[in-house]
$ cat upload12.txt   # compact mmCIF, C-alpha atoms
# COMPACT_ATOMS: atom_id res chain seq x y z
CA MET S 835 0.00 0.00 0.00
CA THR S 836 1.26 3.48 -0.78
CA MET S 837 0.94 6.67 1.19
CA ARG S 838 1.10 10.34 0.24
CA VAL S 839 4.38 11.94 1.28
CA ALA S 840 4.70 15.72 0.96
CA VAL S 841 8.13 17.21 1.53
CA THR S 842 9.54 20.67 0.92
CA VAL S 843 12.92 20.09 -0.68
CA ASN S 844 15.19 23.09 -1.17
CA GLY S 845 12.18 25.37 -0.85
CA THR S 846 10.00 23.54 -3.39
CA GLU S 847 7.04 21.43 -2.31
CA TYR S 848 6.83 17.92 -3.69
CA ALA S 849 4.21 15.23 -3.07
CA ARG S 850 4.48 11.62 -4.17
CA ASP S 851 2.62 8.38 -3.51
CA VAL S 852 5.23 5.97 -2.21
CA GLU S 853 5.59 2.80 -0.19
CA PRO S 854 6.12 3.52 3.51
CA ARG S 855 9.34 1.51 3.39
CA LEU S 856 10.92 3.83 0.81
CA LEU S 857 14.12 5.36 2.14
CA LEU S 858 14.53 9.12 2.01
CA ILE S 859 17.64 8.89 -0.18
CA HIS S 860 15.69 6.99 -2.84
CA PHE S 861 12.76 9.39 -2.54
CA ILE S 862 15.11 12.31 -3.22
CA ARG S 863 17.04 10.64 -6.04
CA ASP S 864 14.51 8.43 -7.78
CA GLU S 865 11.17 10.12 -7.12
CA LEU S 866 12.34 13.74 -7.31
CA GLY S 867 15.32 13.30 -9.64
CA LEU S 868 17.67 15.23 -7.35
CA THR S 869 20.77 13.10 -7.79
CA GLY S 870 23.25 15.38 -6.04
CA SER S 871 22.84 13.37 -2.84
CA HIS S 872 24.62 10.07 -3.23
CA TRP S 873 23.47 6.61 -2.28
CA GLY S 874 26.51 4.89 -0.86
CA CYS S 875 26.94 2.15 1.69
CA ASP S 876 23.27 1.64 2.61
CA THR S 877 24.34 1.00 6.20
CA SER S 878 24.66 4.52 7.68
CA ASN S 879 28.42 4.19 7.75
CA CYS S 880 29.65 6.29 4.83
CA GLY S 881 27.63 9.50 4.99
CA SER S 882 27.50 10.16 1.24
CA CYS S 883 23.72 10.48 1.60
CA VAL S 884 23.71 13.18 4.29
CA VAL S 885 20.97 15.77 3.78
CA TRP S 886 19.31 18.09 6.26
CA LEU S 887 15.94 17.04 7.61
CA ASP S 888 14.53 20.32 8.85
CA ALA S 889 17.76 21.83 10.16
CA THR S 890 19.55 18.65 11.19
CA PRO S 891 21.85 16.49 9.08
CA VAL S 892 20.75 12.90 8.67
CA LYS S 893 22.04 9.88 6.79
CA ALA S 894 19.18 9.60 4.32
CA CYS S 895 19.71 5.86 3.81
CA THR S 896 18.57 5.32 7.38
CA VAL S 897 15.39 7.37 7.47
CA LEU S 898 12.11 6.67 5.72
CA ALA S 899 10.65 9.17 3.30
CA ALA S 900 7.47 8.84 5.37
CA MET S 901 9.30 10.30 8.36
CA ALA S 902 9.98 13.44 6.31
CA ASP S 903 6.31 13.95 5.45
CA GLY S 904 5.35 17.52 6.28
CA ARG S 905 8.94 18.48 6.93
CA SER S 906 11.63 20.21 4.91
CA VAL S 907 14.76 18.74 3.38
CA ARG S 908 17.86 20.55 2.17
CA THR S 909 20.21 18.85 -0.26
CA VAL S 910 23.54 19.75 -1.82
CA GLU S 911 21.71 21.30 -4.80
CA ASP S 912 20.64 24.12 -2.49
CA LEU S 913 24.15 25.22 -1.52
CA GLU S 914 24.58 27.30 -4.66
CA GLN S 915 22.41 30.40 -4.52
CA ASP S 916 21.74 32.67 -7.51
CA GLY S 917 24.69 31.26 -9.39
CA CYS S 918 27.09 31.80 -6.51
CA LEU S 919 28.73 28.86 -4.83
CA ASP S 920 28.57 28.43 -1.08
CA PRO S 921 31.96 29.11 0.52
CA VAL S 922 32.08 25.40 1.38
CA GLN S 923 31.80 24.53 -2.32
CA GLN S 924 34.38 27.13 -3.22
CA GLY S 925 36.65 25.77 -0.49
CA PHE S 926 36.47 22.28 -2.01
CA ILE S 927 37.58 23.81 -5.32
CA GLU S 928 40.35 25.92 -3.82
CA CYS S 929 41.78 23.17 -1.65
CA HIS S 930 41.15 20.16 -3.90
CA GLY S 931 38.71 18.71 -1.37
CA LEU S 932 37.52 15.98 -3.71
CA GLN S 933 38.87 13.51 -6.18
CA CYS S 934 36.14 11.10 -7.27
CA GLY S 935 33.43 13.25 -5.69
CA PHE S 936 31.31 10.45 -4.31
CA CYS S 937 31.46 11.49 -0.67
CA THR S 938 31.39 15.21 -1.48
CA PRO S 939 27.66 16.00 -1.08
CA GLY S 940 27.60 14.50 2.42
CA MET S 941 30.86 16.19 3.35
CA MET S 942 29.63 19.58 2.17
CA MET S 943 26.20 19.37 3.81
CA THR S 944 27.80 18.34 7.09
CA ALA S 945 30.42 21.09 6.80
CA ARG S 946 27.76 23.73 6.11
CA TRP S 947 25.86 22.60 9.21
CA LEU S 948 29.01 22.78 11.31
CA LEU S 949 29.89 26.27 10.08
CA ASP S 950 26.37 27.54 10.71
CA ARG S 951 26.74 26.48 14.35
CA ASN S 952 30.41 27.26 14.73
CA PRO S 953 31.79 29.72 12.15
CA ASP S 954 35.40 29.23 13.25
CA PRO S 955 35.91 25.54 14.05
CA ALA S 956 39.31 24.18 15.01
CA GLU S 957 40.72 21.37 12.91
CA ALA S 958 39.88 18.85 15.64
CA GLU S 959 36.23 19.96 15.61
CA ILE S 960 36.06 19.57 11.84
CA ARG S 961 37.55 16.09 12.03
CA GLU S 962 35.15 15.13 14.82
CA VAL S 963 32.00 16.23 12.99
CA LEU S 964 33.14 14.55 9.76
CA SER S 965 34.15 11.35 11.57
CA GLY S 966 30.98 9.56 10.49
CA LEU S 967 31.68 10.18 6.80
CA LEU S 968 34.05 8.14 4.68
CA CYS S 969 36.29 9.35 1.86
CA ARG S 970 38.42 6.80 0.05
CA CYS S 971 40.39 9.30 -2.04
CA THR S 972 41.70 12.29 -0.16
CA GLY S 973 42.92 10.99 3.16
CA TYR S 974 40.70 13.77 4.59
CA GLU S 975 43.52 16.33 4.73
CA ASN S 976 42.19 18.41 1.86
CA ILE S 977 38.61 18.08 3.06
CA VAL S 978 39.59 19.57 6.41
CA ARG S 979 41.50 22.33 4.60
CA SER S 980 38.46 23.01 2.42
CA VAL S 981 36.23 23.48 5.45
CA ARG S 982 38.82 25.76 7.06
CA TRP S 983 38.99 27.73 3.80
CA ALA S 984 35.22 28.19 3.94
CA ALA S 985 35.44 29.35 7.55
CA GLU S 986 38.15 31.86 6.74
CA HIS S 987 36.34 33.21 3.68
CA ALA S 988 32.79 33.23 5.02
CA ALA S 989 32.64 36.94 5.72
CA ASP S 990 34.14 38.34 2.55
CA HIS S 991 33.42 35.64 0.06
CA ARG S 992 30.41 34.02 -1.41
CA GLY S 993 31.98 31.95 -4.19
CA GLU S 994 32.53 33.40 -7.61
CA ARG S 995 30.18 32.39 -10.38
CA GLN S 996 31.75 29.40 -12.04
CA MET T 366 20.57 -2.69 -2.52
CA GLN T 367 19.11 -3.00 0.95
CA VAL T 368 15.37 -2.42 1.11
CA PRO T 369 13.41 -2.57 4.36
CA SER T 370 10.72 -5.20 4.66
CA HIS T 371 7.15 -4.25 3.72
CA VAL T 372 5.62 -2.14 6.43
CA GLU T 373 2.80 0.27 7.14
CA TYR T 374 3.36 3.64 8.77
CA GLU T 375 1.48 5.59 11.42
CA ARG T 376 2.55 8.86 12.97
CA ALA T 377 1.67 9.28 16.63
CA SER T 378 0.18 12.69 17.41
CA SER T 379 0.39 12.27 21.20
CA VAL T 380 1.65 9.77 23.74
CA GLU T 381 -1.95 8.56 24.20
CA HIS T 382 -2.28 8.05 20.47
CA ALA T 383 1.01 6.14 20.42
CA LEU T 384 -0.10 3.89 23.26
CA ALA T 385 -3.40 3.15 21.51
CA LEU T 386 -1.56 2.22 18.30
CA LEU T 387 1.03 0.13 20.14
CA GLY T 388 -1.72 -1.93 21.71
CA ARG T 389 -2.57 -3.34 18.28
CA PRO T 390 -0.86 -6.49 17.00
CA ASP T 391 2.49 -6.18 15.23
CA HIS T 392 2.92 -2.44 15.84
CA ARG T 393 6.38 -1.24 16.75
CA VAL T 394 7.85 2.07 17.90
CA LEU T 395 9.93 4.01 15.37
CA ALA T 396 12.09 6.66 17.03
CA GLY T 397 15.49 7.58 15.59
CA GLY T 398 15.33 4.43 13.50
CA HIS T 399 19.10 4.02 13.36
CA SER T 400 18.94 0.46 14.69
CA LEU T 401 15.45 -0.55 13.60
CA ILE T 402 15.70 0.49 9.95
CA PRO T 403 19.03 -1.34 9.39
CA MET T 404 17.49 -4.40 11.05
CA MET T 405 14.48 -4.16 8.73
CA LYS T 406 16.85 -4.05 5.76
CA LEU T 407 18.44 -7.29 6.96
CA ARG T 408 15.05 -8.87 7.78
CA LEU T 409 16.15 -9.23 11.40
CA ALA T 410 13.06 -7.15 12.16
CA GLN T 411 9.83 -7.31 10.18
CA PRO T 412 7.25 -5.21 12.01
CA GLY T 413 3.84 -4.87 10.39
CA VAL T 414 3.26 -1.26 11.32
CA LEU T 415 5.70 1.41 12.45
CA VAL T 416 4.47 3.98 14.97
CA ASP T 417 6.59 7.10 14.44
CA ILE T 418 6.99 8.95 17.73
CA ASN T 419 9.49 11.55 16.48
CA GLY T 420 6.88 14.29 16.76
CA LEU T 421 6.27 13.73 20.48
CA ALA T 422 8.24 16.70 21.82
CA GLU T 423 6.89 16.00 25.31
CA LEU T 424 9.23 12.98 25.47
CA ALA T 425 12.36 14.91 24.46
CA TYR T 426 13.94 16.55 27.49
CA ILE T 427 16.77 16.29 30.00
CA LYS T 428 16.19 17.95 33.37
CA GLU T 429 16.81 17.60 37.07
CA ASN T 430 13.81 17.42 39.29
CA GLY T 431 13.21 16.15 42.82
CA GLY T 432 16.75 14.86 43.33
CA GLN T 433 16.65 12.92 40.09
CA LEU T 434 18.01 13.39 36.63
CA ARG T 435 15.11 12.82 34.23
CA ILE T 436 15.83 11.92 30.63
CA GLY T 437 12.92 11.74 28.22
CA ALA T 438 13.02 8.63 26.07
CA LEU T 439 13.06 10.72 22.89
CA ALA T 440 16.10 12.79 23.92
CA ARG T 441 18.80 12.25 21.29
CA HIS T 442 22.33 11.07 21.94
CA ALA T 443 23.52 14.55 20.93
CA ASP T 444 21.21 16.08 23.57
CA LEU T 445 22.76 13.95 26.30
CA LEU T 446 26.25 14.80 25.08
CA ASP T 447 25.36 18.51 25.09
CA SER T 448 23.59 18.45 28.47
CA LYS T 449 25.57 20.28 31.13
CA ILE T 450 23.15 19.04 33.79
CA ALA T 451 23.65 15.38 32.89
CA GLY T 452 27.38 15.66 32.31
CA GLY T 453 27.87 17.67 35.48
CA ARG T 454 26.12 15.10 37.64
CA TYR T 455 27.37 12.05 35.81
CA PRO T 456 30.42 12.51 33.55
CA ILE T 457 29.94 8.85 32.55
CA PHE T 458 27.17 10.04 30.20
CA HIS T 459 29.53 12.33 28.32
CA ASP T 460 32.31 9.73 28.28
CA ALA T 461 29.93 7.22 26.73
CA GLU T 462 28.16 9.54 24.32
CA ARG T 463 31.45 10.67 22.83
CA VAL T 464 31.98 7.08 21.63
CA VAL T 465 28.43 6.14 20.57
CA ALA T 466 28.37 5.84 16.76
CA ASP T 467 29.27 9.15 15.06
CA PRO T 468 28.09 12.77 15.39
CA ILE T 469 25.50 12.55 12.61
CA VAL T 470 23.97 9.33 13.93
CA ARG T 471 23.94 10.82 17.42
CA LEU T 472 21.71 13.64 16.17
CA TRP T 473 18.94 11.11 15.45
CA GLY T 474 19.43 8.04 17.63
CA THR T 475 17.49 8.30 20.88
CA ILE T 476 18.31 7.38 24.46
CA GLY T 477 15.10 5.39 24.83
CA GLY T 478 15.68 3.66 21.53
CA SER T 479 19.12 2.54 22.62
CA LEU T 480 17.76 0.95 25.78
CA CYS T 481 14.79 -0.64 24.03
CA GLN T 482 16.93 -2.02 21.23
CA ALA T 483 18.66 -4.05 23.96
CA ASP T 484 21.65 -4.74 21.76
CA PRO T 485 24.26 -6.56 23.88
CA SER T 486 26.97 -4.29 22.43
CA GLU T 487 25.09 -1.03 22.95
CA ASP T 488 26.83 1.37 25.35
CA LEU T 489 24.02 3.04 27.27
CA SER T 490 22.55 -0.13 28.74
CA ALA T 491 25.70 -0.65 30.80
CA VAL T 492 25.86 3.06 31.64
CA PHE T 493 22.31 3.24 32.96
CA ALA T 494 22.79 -0.05 34.80
CA ALA T 495 25.94 1.32 36.43
CA VAL T 496 24.15 4.45 37.70
CA ARG T 497 21.18 2.36 38.89
CA ALA T 498 18.68 4.20 36.74
CA THR T 499 14.98 3.46 36.65
CA ALA T 500 12.93 3.09 33.48
CA VAL T 501 9.49 4.70 33.53
CA ILE T 502 7.23 2.67 31.27
CA ARG T 503 3.95 4.23 30.24
CA GLY T 504 0.83 2.25 29.47
CA GLN T 505 -2.79 3.16 29.01
CA ASP T 506 -3.36 2.44 32.70
CA GLY T 507 -0.52 4.68 33.84
CA ASP T 508 3.18 4.43 34.58
CA ARG T 509 5.24 1.61 36.05
CA GLU T 510 8.84 1.86 37.14
CA VAL T 511 11.41 -0.84 36.45
CA PRO T 512 15.06 -0.69 37.52
CA VAL T 513 17.26 -0.69 34.42
CA ARG T 514 18.99 -3.72 35.94
CA GLU T 515 15.71 -5.60 35.45
CA PHE T 516 14.74 -3.95 32.16
CA HIS T 517 16.53 -6.27 29.74
CA LEU T 518 15.34 -9.87 29.44
CA GLY T 519 18.07 -10.81 26.98
CA PRO T 520 19.47 -9.74 23.64
CA TYR T 521 16.93 -7.54 21.82
CA GLU T 522 14.32 -8.24 24.49
CA THR T 523 12.98 -5.99 27.24
CA VAL T 524 10.14 -6.02 29.77
CA ILE T 525 8.12 -3.58 27.68
CA ALA T 526 4.81 -5.19 26.73
CA PRO T 527 2.55 -4.51 23.75
CA GLY T 528 0.68 -1.27 24.38
CA GLU T 529 3.53 0.19 26.42
CA LEU T 530 6.16 2.84 25.71
CA LEU T 531 9.38 3.74 27.49
CA ALA T 532 8.73 7.33 28.57
CA GLU T 533 11.60 8.38 30.83
CA ILE T 534 14.80 7.25 32.46
CA ARG T 535 15.38 8.49 36.00
CA VAL T 536 18.78 8.61 37.62
CA PRO T 537 19.20 9.33 41.33
CA VAL T 538 21.49 12.29 42.01
CA GLN T 539 23.87 11.43 44.85
CA PRO T 540 26.45 13.71 46.47
CA GLY T 541 30.07 12.58 46.51
CA THR T 542 29.66 10.57 43.33
CA GLY T 543 32.16 10.15 40.51
CA SER T 544 31.70 8.19 37.30
CA ALA T 545 33.49 7.27 34.08
CA TYR T 546 33.19 5.09 30.97
CA GLU T 547 36.04 3.40 29.10
CA LYS T 548 35.60 1.70 25.74
CA VAL T 549 37.80 -0.09 23.26
CA ALA T 550 36.54 -0.29 19.68
CA ARG T 551 38.35 -1.31 16.52
CA ARG T 552 37.79 2.10 14.92
CA VAL T 553 36.01 5.37 15.58
CA GLY T 554 32.26 4.97 15.79
CA ASP T 555 32.30 1.18 15.97
CA TRP T 556 30.65 -1.09 18.49
CA SER T 557 32.64 -1.96 21.60
CA VAL T 558 35.00 -4.88 21.68
CA ALA T 559 34.42 -4.36 25.37
CA ALA T 560 33.65 -1.39 27.59
CA ALA T 561 33.25 -0.67 31.28
CA GLY T 562 31.45 2.04 33.20
CA ALA T 563 32.01 2.78 36.86
CA VAL T 564 30.21 4.86 39.47
CA LEU T 565 31.66 5.38 42.93
CA GLN T 566 30.10 7.09 45.89
CA LEU T 567 32.71 8.02 48.46
CA ASP T 568 32.62 9.05 52.11
CA GLY T 569 36.16 10.29 52.52
CA GLN T 570 38.22 7.38 51.21
CA THR T 571 35.54 4.77 51.84
CA ILE T 572 33.42 3.45 49.00
CA THR T 573 29.82 3.61 50.21
CA GLU T 574 28.33 2.45 46.90
CA ALA T 575 29.75 1.14 43.64
CA GLY T 576 28.19 0.58 40.25
CA ILE T 577 30.00 -1.24 37.45
CA GLY T 578 28.45 -1.69 34.02
CA LEU T 579 29.93 -3.88 31.28
CA THR T 580 29.22 -3.67 27.55
CA ALA T 581 29.44 -6.41 24.90
CA VAL T 582 30.68 -9.18 27.21
CA ALA T 583 27.36 -10.81 28.17
CA ALA T 584 27.47 -9.63 31.77
CA GLU T 585 24.20 -10.44 33.53
CA HIS T 586 22.01 -7.33 33.47
CA PHE T 587 25.05 -5.49 32.02
CA VAL T 588 26.63 -5.26 35.51
CA ALA T 589 29.49 -6.76 37.50
CA ALA T 590 27.51 -7.32 40.70
CA GLU T 591 30.21 -9.42 42.42
CA ALA T 592 32.78 -6.69 41.86
CA GLU T 593 30.37 -4.08 43.23
CA ASP T 594 29.84 -6.22 46.35
CA TYR T 595 33.59 -6.53 46.77
CA LEU T 596 34.15 -2.75 46.68
CA ARG T 597 31.34 -1.67 48.99
CA GLY T 598 32.76 -0.52 52.33
CA LYS T 599 36.38 -0.75 51.21
CA PRO T 600 38.82 2.14 50.70
CA ALA T 601 39.19 3.52 47.17
CA THR T 602 42.67 2.18 46.43
CA GLU T 603 44.44 0.91 43.33
CA GLN T 604 44.71 -2.52 44.90
CA ASN T 605 40.96 -2.76 45.50
CA PHE T 606 40.19 -1.46 42.02
CA GLY T 607 42.48 -4.12 40.56
CA GLN T 608 40.84 -6.88 42.58
CA ALA T 609 37.34 -5.69 41.64
CA ALA T 610 38.38 -5.59 37.98
CA THR T 611 39.66 -9.16 38.19
CA ILE T 612 36.35 -10.25 39.68
CA ALA T 613 34.45 -8.42 36.94
CA ALA T 614 36.51 -10.17 34.26
CA GLU T 615 35.87 -13.57 35.83
CA HIS T 616 32.10 -13.18 36.09
CA CYS T 617 31.21 -11.98 32.60
CA HIS T 618 30.66 -14.28 29.63
CA PRO T 619 32.33 -12.87 26.51
CA VAL T 620 32.25 -14.93 23.33
CA ALA T 621 34.89 -15.02 20.63
CA ASP T 622 33.82 -13.25 17.45
CA GLN T 623 35.30 -11.05 14.74
CA ARG T 624 36.07 -8.43 17.39
CA GLY T 625 38.39 -10.68 19.33
CA PRO T 626 38.88 -13.90 21.28
CA GLU T 627 37.40 -14.52 24.70
CA ASP T 628 40.62 -14.13 26.70
CA TYR T 629 41.35 -10.79 25.05
CA LYS T 630 37.89 -9.53 25.96
CA ARG T 631 38.35 -10.63 29.58
CA HIS T 632 41.68 -8.82 29.59
CA LEU T 633 39.92 -5.70 28.31
CA VAL T 634 37.20 -5.97 30.97
CA ALA T 635 39.82 -6.05 33.72
CA GLU T 636 41.85 -3.18 32.30
CA LEU T 637 38.89 -0.96 31.39
CA THR T 638 37.17 -1.59 34.73
CA THR T 639 40.34 -0.53 36.53
CA ARG T 640 40.65 2.63 34.44
CA ALA T 641 36.97 3.52 34.89
CA LEU T 642 37.15 3.01 38.67
CA ARG T 643 40.31 5.12 38.85
CA ARG T 644 38.73 8.01 36.95
CA ALA T 645 35.44 7.70 38.83
CA ALA T 646 37.29 7.94 42.15
CA ALA T 647 39.21 11.00 41.00
CA ARG T 648 36.00 12.65 39.88
CA ALA T 649 34.36 11.84 43.21
CA GLY T 650 37.13 13.82 44.85
CA ALA T 651 39.27 11.00 46.19
CA PRO T 652 42.87 11.98 46.94
CA ALA T 653 45.15 10.82 44.14
$ encode --input "upload12.txt" --output "structure tokens"
Amino acid sequence: MTMRVAVTVNGTEYARDVEPRLLLIHFIRDELGLTGSHWGCDTSNCGSCVVWLDATPVKACTVLAAMADGRSVRTVEDLEQDGCLDPVQQGFIECHGLQCGFCTPGMMMTARWLLDRNPDPAEAEIREVLSGLLCRCTGYENIVRSVRWAAEHAADHRGERQ
Amino acid sequence: MQVPSHVEYERASSVEHALALLGRPDHRVLAGGHSLIPMMKLRLAQPGVLVDINGLAELAYIKENGGQLRIGALARHADLLDSKIAGGRYPIFHDAERVVADPIVRLWGTIGGSLCQADPSEDLSAVFAAVRATAVIRGQDGDREVPVREFHLGPYETVIAPGELLAEIRVPVQPGTGSAYEKVARRVGDWSVAAAGAVLQLDGQTITEAGIGLTAVAAEHFVAAEAEDYLRGKPATEQNFGQAATIAAEHCHPVADQRGPEDYKRHLVAELTTRALRRAAARAGAPA
């Protein structure tokens, strides 16, 4: 049996009839076609699927779309505003924070959440908050640098149009 | 691709509504979902209907009231880690929460869900057993209180009956108390190979009450009761901590698995119990 799930994603309201067992990551990717969020390990270990549910990051492979009914979701597609990259995105460019890019949406959504709460995090705080996300390419060094770059350029920089 | 088993979904609009739904056959509480949903993917759990209680804000709180710390079942791990009240009274909560899963999972996983999941490797069961907490279980006829040491019937099994809901965990606030939690895991965010929590209440140098919780080593009720008995009334010394730790290691029942052989786990229990007792005593104000 299906149920009606209505979710505001990146400011746009969507409603779909889905099975209650549908995971939020598949709702976002397959039902809404927003493929920026990645479907990775399926076991809440890797964090590639992190989106915000209301204002809180969640591993979207471990939450049902039904649980998001009536709530809002923010995905990586919403970081860029009016053609300008979020400083976190710009930081990943400046500091080579990605290679294959698979983990990047989860890393960036988690970093944005951290910086909203703590605009000037120490390296240890960045590593702690990202500790539930896996990157197999970078060794994390450049990801941490990217987040620091975003922190240092938050006030004077909202990324250049690419 | 891991897909949860077929299920229906209901969202509880109040605790009363949740209790009414949970009284029906094959209905199961869905809180943070970070244990239940993975288990549904693996078909280790196949509930017929999920009752989503995430909207029940009246169950999400941490406060001190009437000489007791009161933790609503829907408080998240991150809430307990952030709580100055809880961490001030019982640093063991902050020790443990720092090593439960990872920061993102901790934003969603709930305290009540951890206890009700009754996973033998889950950290908070031993912590709440160590501090001698009480579970407040709500039913349509009112509340009943069950000591956490009697809450678990076995792996993945608790005393909560159909039509009931864990509402609150109460922890007595005692003066002169120190507490600590020590865990060894293979990597950050992983389940314990073994872990130990300790609570000591001191009168000067004398231990007036001791609580020792053990994680992932099949200790009965998650505690080392024989080691607690040994410590009660004795001075808080390294020698007594070492002896209590040896007793704790003897009386648990670890099994060899991919996390390590039995003798290694017993070794960990002894070492981690000693470390937890040492830190608990220091935090209780014992002279070094």
$ closest_atom_pairs --input "upload12.txt" --of "chain S" --to "chain T" --cutoff "8 Å" --atoms "all atoms listed in the file" --output "Markdown table"
| residue | atom | partner | partner_atom | distance |
| --- | --- | --- | --- | --- |
| S:Met835 | CA | T:Glu373 | CA | 7.7 |
| S:Pro854 | CA | T:Glu373 | CA | 5.9 |
| S:Arg855 | CA | T:Pro369 | CA | 5.8 |
| S:Leu856 | CA | T:Val368 | CA | 7.7 |
| S:Leu857 | CA | T:Val368 | CA | 7.9 |
| S:Asp876 | CA | T:Gln367 | CA | 6.4 |
| S:Thr877 | CA | T:Pro403 | CA | 6.6 |
| S:Ser878 | CA | T:Val470 | CA | 7.9 |
| S:Thr890 | CA | T:Leu472 | CA | 7.4 |
| S:Pro891 | CA | T:Ile469 | CA | 6.4 |
| S:Val892 | CA | T:Ile469 | CA | 6.2 |
| S:Lys893 | CA | T:Ile469 | CA | 7.3 |
| S:Thr896 | CA | T:His399 | CA | 6.1 |
| S:Val897 | CA | T:Gly398 | CA | 6.7 |
| S:Ala900 | CA | T:Tyr374 | CA | 7.4 |
| S:Met901 | CA | T:Asp417 | CA | 7.4 |
| S:Glu962 | CA | T:Pro468 | CA | 7.5 |
| S:Val963 | CA | T:Pro468 | CA | 5.7 |
| S:Leu964 | CA | T:Pro468 | CA | 7.8 |
| S:Ser965 | CA | T:Asp467 | CA | 6.4 |
| S:Gly966 | CA | T:Asp467 | CA | 4.9 |
$ write_last_selection --input "upload12.txt" --atoms "C-alpha atoms" --output "compact mmCIF listing (two decimals), in the coordinates of the input"
# COMPACT_ATOMS: atom_id res chain seq x y z
CA MET S 835 0.00 0.00 0.00
CA PRO S 854 6.12 3.52 3.51
CA ARG S 855 9.34 1.51 3.39
CA LEU S 856 10.92 3.83 0.81
CA LEU S 857 14.12 5.36 2.14
CA ASP S 876 23.27 1.64 2.61
CA THR S 877 24.34 1.00 6.20
CA SER S 878 24.66 4.52 7.68
CA THR S 890 19.55 18.65 11.19
CA PRO S 891 21.85 16.49 9.08
CA VAL S 892 20.75 12.90 8.67
CA LYS S 893 22.04 9.88 6.79
CA THR S 896 18.57 5.32 7.38
CA VAL S 897 15.39 7.37 7.47
CA ALA S 900 7.47 8.84 5.37
CA MET S 901 9.30 10.30 8.36
CA GLU S 962 35.15 15.13 14.82
CA VAL S 963 32.00 16.23 12.99
CA LEU S 964 33.14 14.55 9.76
CA SER S 965 34.15 11.35 11.57
CA GLY S 966 30.98 9.56 10.49
$ residues_around --input "upload12.txt" --residues "His586 in chain T" --least-positions-apart "2" --cutoff "7 Å" --atoms "only C-alpha atoms" --output "PyMOL selection string"
chain T and resi 514-515+517+584+588
$ residues_around --input "upload12.txt" --residues "range 929-943 of chain S" --least-positions-apart "2" --cutoff "6 Å" --atoms "all atoms listed in the file" --output "NGL selection string"
:S and (871 or 881-884 or 910 or 925-927 or 945-946 or 969 or 976-977 or 980)
$ residues_around --input "upload12.txt" --residues "range 422-424 of chain T" --least-positions-apart "6" --cutoff "7 Å" --atoms "all atoms listed in the file" --output "ChimeraX atom specification"
/T:437-439,532
$ closest_residue --input "upload12.txt" --among "T:Arg497, T:His459, T:Cys481, T:Gly504" --to "His382 in chain T" --atoms "all atoms listed in the file"
T:Gly504
$ residues_around --input "upload12.txt" --residues "range 638-651 of chain T" --least-positions-apart "4" --cutoff "9 Å" --atoms "only C-alpha atoms" --output "PyMOL selection string"
chain T and resi 456-457+540-547+560-567+569-570+577-579+601-603+606-611+613-614+633-634
$ residues_near_point --input "upload12.txt" --point "(1.6, 16.9, 3.7)" --cutoff "9 Å" --atoms "all atoms listed in the file" --output "PDB file with C-alpha atoms, in the coordinates of the input"
ATOM      1  CA  ARG S 838       1.100  10.340   0.240  1.00  0.00           C
ATOM      2  CA  VAL S 839       4.380  11.940   1.280  1.00  0.00           C
ATOM      3  CA  ALA S 840       4.700  15.720   0.960  1.00  0.00           C
ATOM      4  CA  VAL S 841       8.130  17.210   1.530  1.00  0.00           C
ATOM      5  CA  ALA S 849       4.210  15.230  -3.070  1.00  0.00           C
ATOM      6  CA  ASP S 903       6.310  13.950   5.450  1.00  0.00           C
ATOM      7  CA  GLY S 904       5.350  17.520   6.280  1.00  0.00           C
ATOM      8  CA  ARG S 905       8.940  18.480   6.930  1.00  0.00           C
TER       9      ARG S 905
END
$ atom_distance --input "upload12.txt" --atom1 "CA of Gly452 in chain T" --atom2 "CA of Ile427 in chain T"
10.9 Å
$ atom_distance --input "upload12.txt" --atom1 "CA of Ala498 in chain T" --atom2 "CA of Glu529 in chain T"
18.8 Å
$ closest_residue --input "upload12.txt" --among "T:Lys428, T:His616, T:His392, T:Arg503" --to "Glu593 in chain T" --atoms "all atoms listed in the file"
T:His616
$ atom_distance --input "upload12.txt" --atom1 "CA of Leu967 in chain S" --atom2 "CA of Asn879 in chain S"
6.9 Å
